[in-house]
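Okay, so here's the structure we're looking at.
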Amino acid sequence: MHSTKIALLSICSNSFIVLLKLAVGIITGSVAIISEAIHSLLDLVASVIAFFSVKISNRPPDKEHPYGHGKFENISGTVETLLIFIAGIWIIVESVEKLIHPSPIKLPFIGVIVMLLGAFINWRVGKKVQKVGDETHSVAMQSNALHLLTDVYSSLGVAASLILVSLTGWVVLDALIGIGIAVYIMKESIELGKKSFTPLLDTGLSSDEIIQIEQVLLNFKSQFIEYHDLRTRRSGAEEHIDFHLVLPSSMSIEEAHLLCDKIEDEIKKVLINPQILIHVEPENEMVRNVK
């Protein structure tokens, strides 16, 4: 629920910033400001996508989706990163056009004020979204935070270009800084795209997370014979974990169930939202040369 409210906050803030930047971009004639307005418009689209993907991913498992809806977030994150990349291409095209056909910028100080205001709002909202995204391992929220924070840096860059244009009269600086902004956000989109897309291929958890799981199992080593076939994958904000646990044949069903509950409880302390399946086996199923 908290994630949904934060996503809704980013929609409201982006709507305000898009309208403000677009109006000022038209008034000043700055390609950098208009590019920023388009960038913020894509941020708004990304915020809407994040809002609905978080709502969908939070739905409990059902008949059609027995493993839950977590991967809606990964799809959302992938779409968002594509939007960032497209925004970068668009800014470069417009900036090159500005280099070929330079035109004076009107009332640059208004543009500076708007860029600084937009940067401040997006920084505050972006940090809130980033915090929630990191706490919940929500790819959609992390993608949305990247949109907002890259907008901060690009807005500051545009403000700097407008100041330099005013001081030097070099109109080409407006376009050159626009190209620099585009390259930066395209690079960031590629990095986040890798993070969003790979879980769709059922990529395992990170090595650090695997170590945390193995450390929990090590703490219970005296109560079981061995474990094997440890498998993990991420689905949105959820970590899916399953493994085989070999127990002494003398252990009762109640004792085995209690041990599994304890292991699950400890894993839940070190991961954000683990979904755990433990397959219990008798000692004659032991696999040699495994942990």
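Each chain in the structure tokens gets a letter, A, B and so on, in the order shown; residues start at 1 in every chain, and ligands are counted from 1 in the order they appear.
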Hey, what does DSSP flag as strand (DSSP E or B) within range 89-239 of chain A? Can you give it to me as a list of chain:residue names?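 Strand (DSSP E or B) assignments inside range 89-239 of chain A correspond to A:Glu226, A:Tyr227, A:His228, A:Asp229, A:Leu230, A:Arg231, A:Thr232, A:Arg233, A:Arg234, A:Ser235, A:Glu238, A:Glu239.
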Name the residues in contact with range 117-134 of chain A at a cut-off of 6 Å, using only C-alpha atoms, excluding same-chain residues fewer than 3 positions from it; report them as an MDAnalysis selection string. chainID A and resid 114 137:138 141:142 145 148:149 152 155
Restricting it to N, CA, C and O atoms, dump the selection as a PDB file, in the first residue's frame.
```pdb
ATOM      1  N   VAL A 114      12.651  27.644 -13.479  1.00  0.00           N
ATOM      2  CA  VAL A 114      11.804  26.465 -13.654  1.00  0.00           C
ATOM      3  C   VAL A 114      12.629  25.178 -13.552  1.00  0.00           C
ATOM      4  O   VAL A 114      12.205  24.198 -12.938  1.00  0.00           O
ATOM      5  N   HIS A 137      12.567  -4.105  -2.826  1.00  0.00           N
ATOM      6  CA  HIS A 137      13.151  -4.744  -4.012  1.00  0.00           C
ATOM      7  C   HIS A 137      12.205  -4.636  -5.210  1.00  0.00           C
ATOM      8  O   HIS A 137      12.167  -5.533  -6.058  1.00  0.00           O
ATOM      9  N   SER A 138      11.451  -3.547  -5.275  1.00  0.00           N
ATOM     10  CA  SER A 138      10.511  -3.341  -6.371  1.00  0.00           C
ATOM     11  C   SER A 138      11.236  -2.768  -7.583  1.00  0.00           C
ATOM     12  O   SER A 138      11.716  -1.632  -7.544  1.00  0.00           O
ATOM     13  N   MET A 141       9.498   0.410  -8.936  1.00  0.00           N
ATOM     14  CA  MET A 141       9.776   1.612  -8.146  1.00  0.00           C
ATOM     15  C   MET A 141      11.207   2.086  -8.362  1.00  0.00           C
ATOM     16  O   MET A 141      11.472   3.291  -8.425  1.00  0.00           O
ATOM     17  N   GLN A 142      12.139   1.153  -8.473  1.00  0.00           N
ATOM     18  CA  GLN A 142      13.533   1.530  -8.730  1.00  0.00           C
ATOM     19  C   GLN A 142      13.669   2.195 -10.092  1.00  0.00           C
ATOM     20  O   GLN A 142      14.416   3.170 -10.244  1.00  0.00           O
ATOM     21  N   ALA A 145      12.271   5.656  -9.822  1.00  0.00           N
ATOM     22  CA  ALA A 145      13.218   6.527  -9.119  1.00  0.00           C
ATOM     23  C   ALA A 145      14.329   6.981 -10.056  1.00  0.00           C
ATOM     24  O   ALA A 145      14.759   8.146 -10.017  1.00  0.00           O
ATOM     25  N   LEU A 148      13.138   9.817 -12.183  1.00  0.00           N
ATOM     26  CA  LEU A 148      13.052  11.079 -11.457  1.00  0.00           C
ATOM     27  C   LEU A 148      14.425  11.673 -11.171  1.00  0.00           C
ATOM     28  O   LEU A 148      14.640  12.886 -11.313  1.00  0.00           O
ATOM     29  N   LEU A 149      15.381  10.826 -10.777  1.00  0.00           N
ATOM     30  CA  LEU A 149      16.704  11.329 -10.413  1.00  0.00           C
ATOM     31  C   LEU A 149      17.518  11.732 -11.637  1.00  0.00           C
ATOM     32  O   LEU A 149      18.313  12.679 -11.569  1.00  0.00           O
ATOM     33  N   VAL A 152      16.546  15.117 -12.440  1.00  0.00           N
ATOM     34  CA  VAL A 152      17.215  16.117 -11.589  1.00  0.00           C
ATOM     35  C   VAL A 152      18.519  16.577 -12.229  1.00  0.00           C
ATOM     36  O   VAL A 152      18.776  17.782 -12.388  1.00  0.00           O
ATOM     37  N   SER A 155      17.938  18.464 -15.484  1.00  0.00           N
ATOM     38  CA  SER A 155      17.390  19.806 -15.235  1.00  0.00           C
ATOM     39  C   SER A 155      18.482  20.763 -14.766  1.00  0.00           C
ATOM     40  O   SER A 155      18.527  21.933 -15.188  1.00  0.00           O
TER      41      SER A 155
END
```
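With only C-alpha atoms as the atoms that count, the minimum distance from Val172 in chain A to the choices A:Asn284, A:Ser53, A:Ser30, A:Ser13 is reached by A:Ser30.
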For Ile110 in chain A, please output as a list in words all residues within 12 Å (counting only C-alpha atoms; exclusion window: fewer than 6 positions along the same chain).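 Skipping anything fewer than 6 positions along the chain leaves Leu20, Lys21, Ala23, Val24, Gly25, Ile26, Ile27, Thr28, Gly29, Ser30, Ile33, Leu116, Leu117, Ala159, Leu162, Ile163 and Ser166 of chain A.
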Under the rule that only C-alpha atoms are counted, which of A:Ile267, A:Ile38, A:Ile91, A:Leu277 is the nearest residue to Asp229 in chain A?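 For Asp229 in chain A, the nearest of the given residues is A:Leu277.
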Any idea what the distance is between CA of Ile49 in chain A and CA of Glu80 in chain A? 7.7 Å
Hey, which of A:Val31, A:Phe52, A:Lys269, A:Leu146 ends up closest to Lys106 in chain A? Count only C-alpha atoms.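 Of all the options, A:Val31 lies closest to Lys106 in chain A.
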Helix (DSSP H, G or I) per DSSP on the backbone: members of range 110-261 of chain A, as a ChimeraX atom specification: /A:110-136,139-168,172-201,207-219,221-223,253-261
Based on the selection just made, write C-alpha atoms of those residues as a compact mmCIF listing (two decimals), in the first residue's frame.
```txt
# COMPACT_ATOMS: atom_id res chain seq x y z
CA ILE A 110 12.66 32.07 -16.31
CA GLY A 111 13.98 28.79 -17.69
CA VAL A 112 16.66 28.67 -14.99
CA ILE A 113 14.09 29.15 -12.22
CA VAL A 114 11.80 26.46 -13.65
CA MET A 115 14.67 23.98 -14.10
CA LEU A 116 15.84 24.49 -10.51
CA LEU A 117 12.29 24.13 -9.18
CA GLY A 118 11.74 20.95 -11.21
CA ALA A 119 15.08 19.54 -10.02
CA PHE A 120 14.19 20.19 -6.37
CA ILE A 121 10.74 18.58 -6.61
CA ASN A 122 12.04 15.52 -8.47
CA TRP A 123 14.95 15.12 -6.06
CA ARG A 124 12.61 15.03 -3.05
CA VAL A 125 10.10 12.69 -4.68
CA GLY A 126 12.81 10.59 -6.37
CA LYS A 127 14.57 9.91 -3.07
CA LYS A 128 11.29 8.78 -1.49
CA VAL A 129 10.56 6.47 -4.43
CA GLN A 130 14.14 5.13 -4.36
CA LYS A 131 13.93 4.39 -0.64
CA VAL A 132 10.70 2.42 -1.04
CA GLY A 133 12.05 0.64 -4.13
CA ASP A 134 15.20 -0.46 -2.29
CA GLU A 135 13.27 -1.53 0.81
CA THR A 136 10.82 -3.66 -1.16
CA VAL A 139 11.99 -3.08 -9.88
CA ALA A 140 9.13 -0.83 -10.99
CA MET A 141 9.78 1.61 -8.15
CA GLN A 142 13.53 1.53 -8.73
CA SER A 143 12.96 2.28 -12.42
CA ASN A 144 10.63 5.12 -11.53
CA ALA A 145 13.22 6.53 -9.12
CA LEU A 146 15.83 6.43 -11.88
CA HIS A 147 13.52 8.43 -14.13
CA LEU A 148 13.05 11.08 -11.46
CA LEU A 149 16.70 11.33 -10.41
CA THR A 150 18.04 11.49 -13.97
CA ASP A 151 15.56 14.31 -14.51
CA VAL A 152 17.21 16.12 -11.59
CA TYR A 153 20.66 15.94 -13.18
CA SER A 154 19.39 16.86 -16.63
CA SER A 155 17.39 19.81 -15.23
CA LEU A 156 20.48 21.12 -13.45
CA GLY A 157 22.44 20.71 -16.69
CA VAL A 158 19.85 22.72 -18.60
CA ALA A 159 19.88 25.44 -15.93
CA ALA A 160 23.67 25.64 -16.24
CA SER A 161 23.45 25.86 -20.04
CA LEU A 162 20.93 28.70 -19.87
CA ILE A 163 23.18 30.63 -17.50
CA LEU A 164 26.20 30.10 -19.79
CA VAL A 165 24.21 31.11 -22.86
CA SER A 166 23.15 34.31 -21.08
CA LEU A 167 26.73 35.13 -20.06
CA THR A 168 28.50 34.21 -23.30
CA VAL A 172 25.16 26.27 -29.32
CA LEU A 173 25.79 25.48 -25.64
CA ASP A 174 22.06 24.85 -25.28
CA ALA A 175 22.22 22.05 -27.85
CA LEU A 176 25.56 20.61 -26.71
CA ILE A 177 24.41 20.24 -23.11
CA GLY A 178 21.19 18.68 -24.43
CA ILE A 179 23.28 16.02 -26.20
CA GLY A 180 25.30 15.41 -23.03
CA ILE A 181 22.09 14.90 -21.04
CA ALA A 182 20.82 12.45 -23.65
CA VAL A 183 23.98 10.33 -23.56
CA TYR A 184 23.84 10.18 -19.76
CA ILE A 185 20.23 9.05 -19.51
CA MET A 186 20.71 6.48 -22.30
CA LYS A 187 23.64 4.97 -20.40
CA GLU A 188 21.55 4.79 -17.21
CA SER A 189 18.66 3.18 -19.08
CA ILE A 190 20.92 0.38 -20.37
CA GLU A 191 22.11 -0.42 -16.83
CA LEU A 192 18.60 -0.50 -15.40
CA GLY A 193 17.33 -2.44 -18.41
CA LYS A 194 19.69 -5.29 -17.56
CA LYS A 195 18.38 -5.32 -13.99
CA SER A 196 14.74 -5.30 -15.10
CA PHE A 197 14.94 -7.82 -17.93
CA THR A 198 17.11 -10.62 -16.52
CA PRO A 199 14.52 -11.79 -13.92
CA LEU A 200 12.16 -12.49 -16.83
CA LEU A 201 14.64 -15.24 -17.74
CA SER A 207 25.79 -14.01 -4.89
CA ASP A 208 25.40 -11.98 -1.67
CA GLU A 209 21.82 -13.17 -1.25
CA ILE A 210 22.85 -16.79 -1.91
CA ILE A 211 25.55 -16.48 0.77
CA GLN A 212 22.94 -15.18 3.24
CA ILE A 213 20.70 -18.18 2.55
CA GLU A 214 23.60 -20.61 2.89
CA GLN A 215 24.65 -18.98 6.17
CA VAL A 216 21.16 -19.55 7.59
CA LEU A 217 21.33 -23.21 6.58
CA LEU A 218 24.80 -23.47 8.11
CA ASN A 219 23.37 -22.30 11.44
CA LYS A 221 23.69 -27.79 10.21
CA SER A 222 23.60 -29.90 13.36
CA GLN A 223 19.89 -30.65 12.86
CA ILE A 253 7.08 -35.47 10.64
CA GLU A 254 6.31 -32.93 13.38
CA GLU A 255 10.01 -32.39 14.10
CA ALA A 256 10.81 -32.04 10.39
CA HIS A 257 8.01 -29.52 9.94
CA LEU A 258 9.17 -27.50 12.94
CA LEU A 259 12.76 -27.42 11.64
CA CYS A 260 11.60 -26.22 8.21
CA ASP A 261 9.53 -23.49 9.85
```
CA of His39 in chain A and CA of Val54 in chain A are how many Å apart?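 Atom-to-atom, CA of His39 in chain A and CA of Val54 in chain A are spaced 22.2 Å apart.
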Between A:Ala37, A:Ile86, A:Leu271, A:Leu9, single out the one closest to Ile241 in chain A, counting only C-alpha atoms.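 Checking each of A:Ala37, A:Ile86, A:Leu271, A:Leu9 against Ile241 in chain A, counting only C-alpha atoms, the winner is A:Leu271.
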Any idea what the distance is between CA of Glu266 in chain A and CA of Gly204 in chain A?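 Result for CA of Glu266 in chain A versus CA of Gly204 in chain A: 19.7 Å, one decimal.
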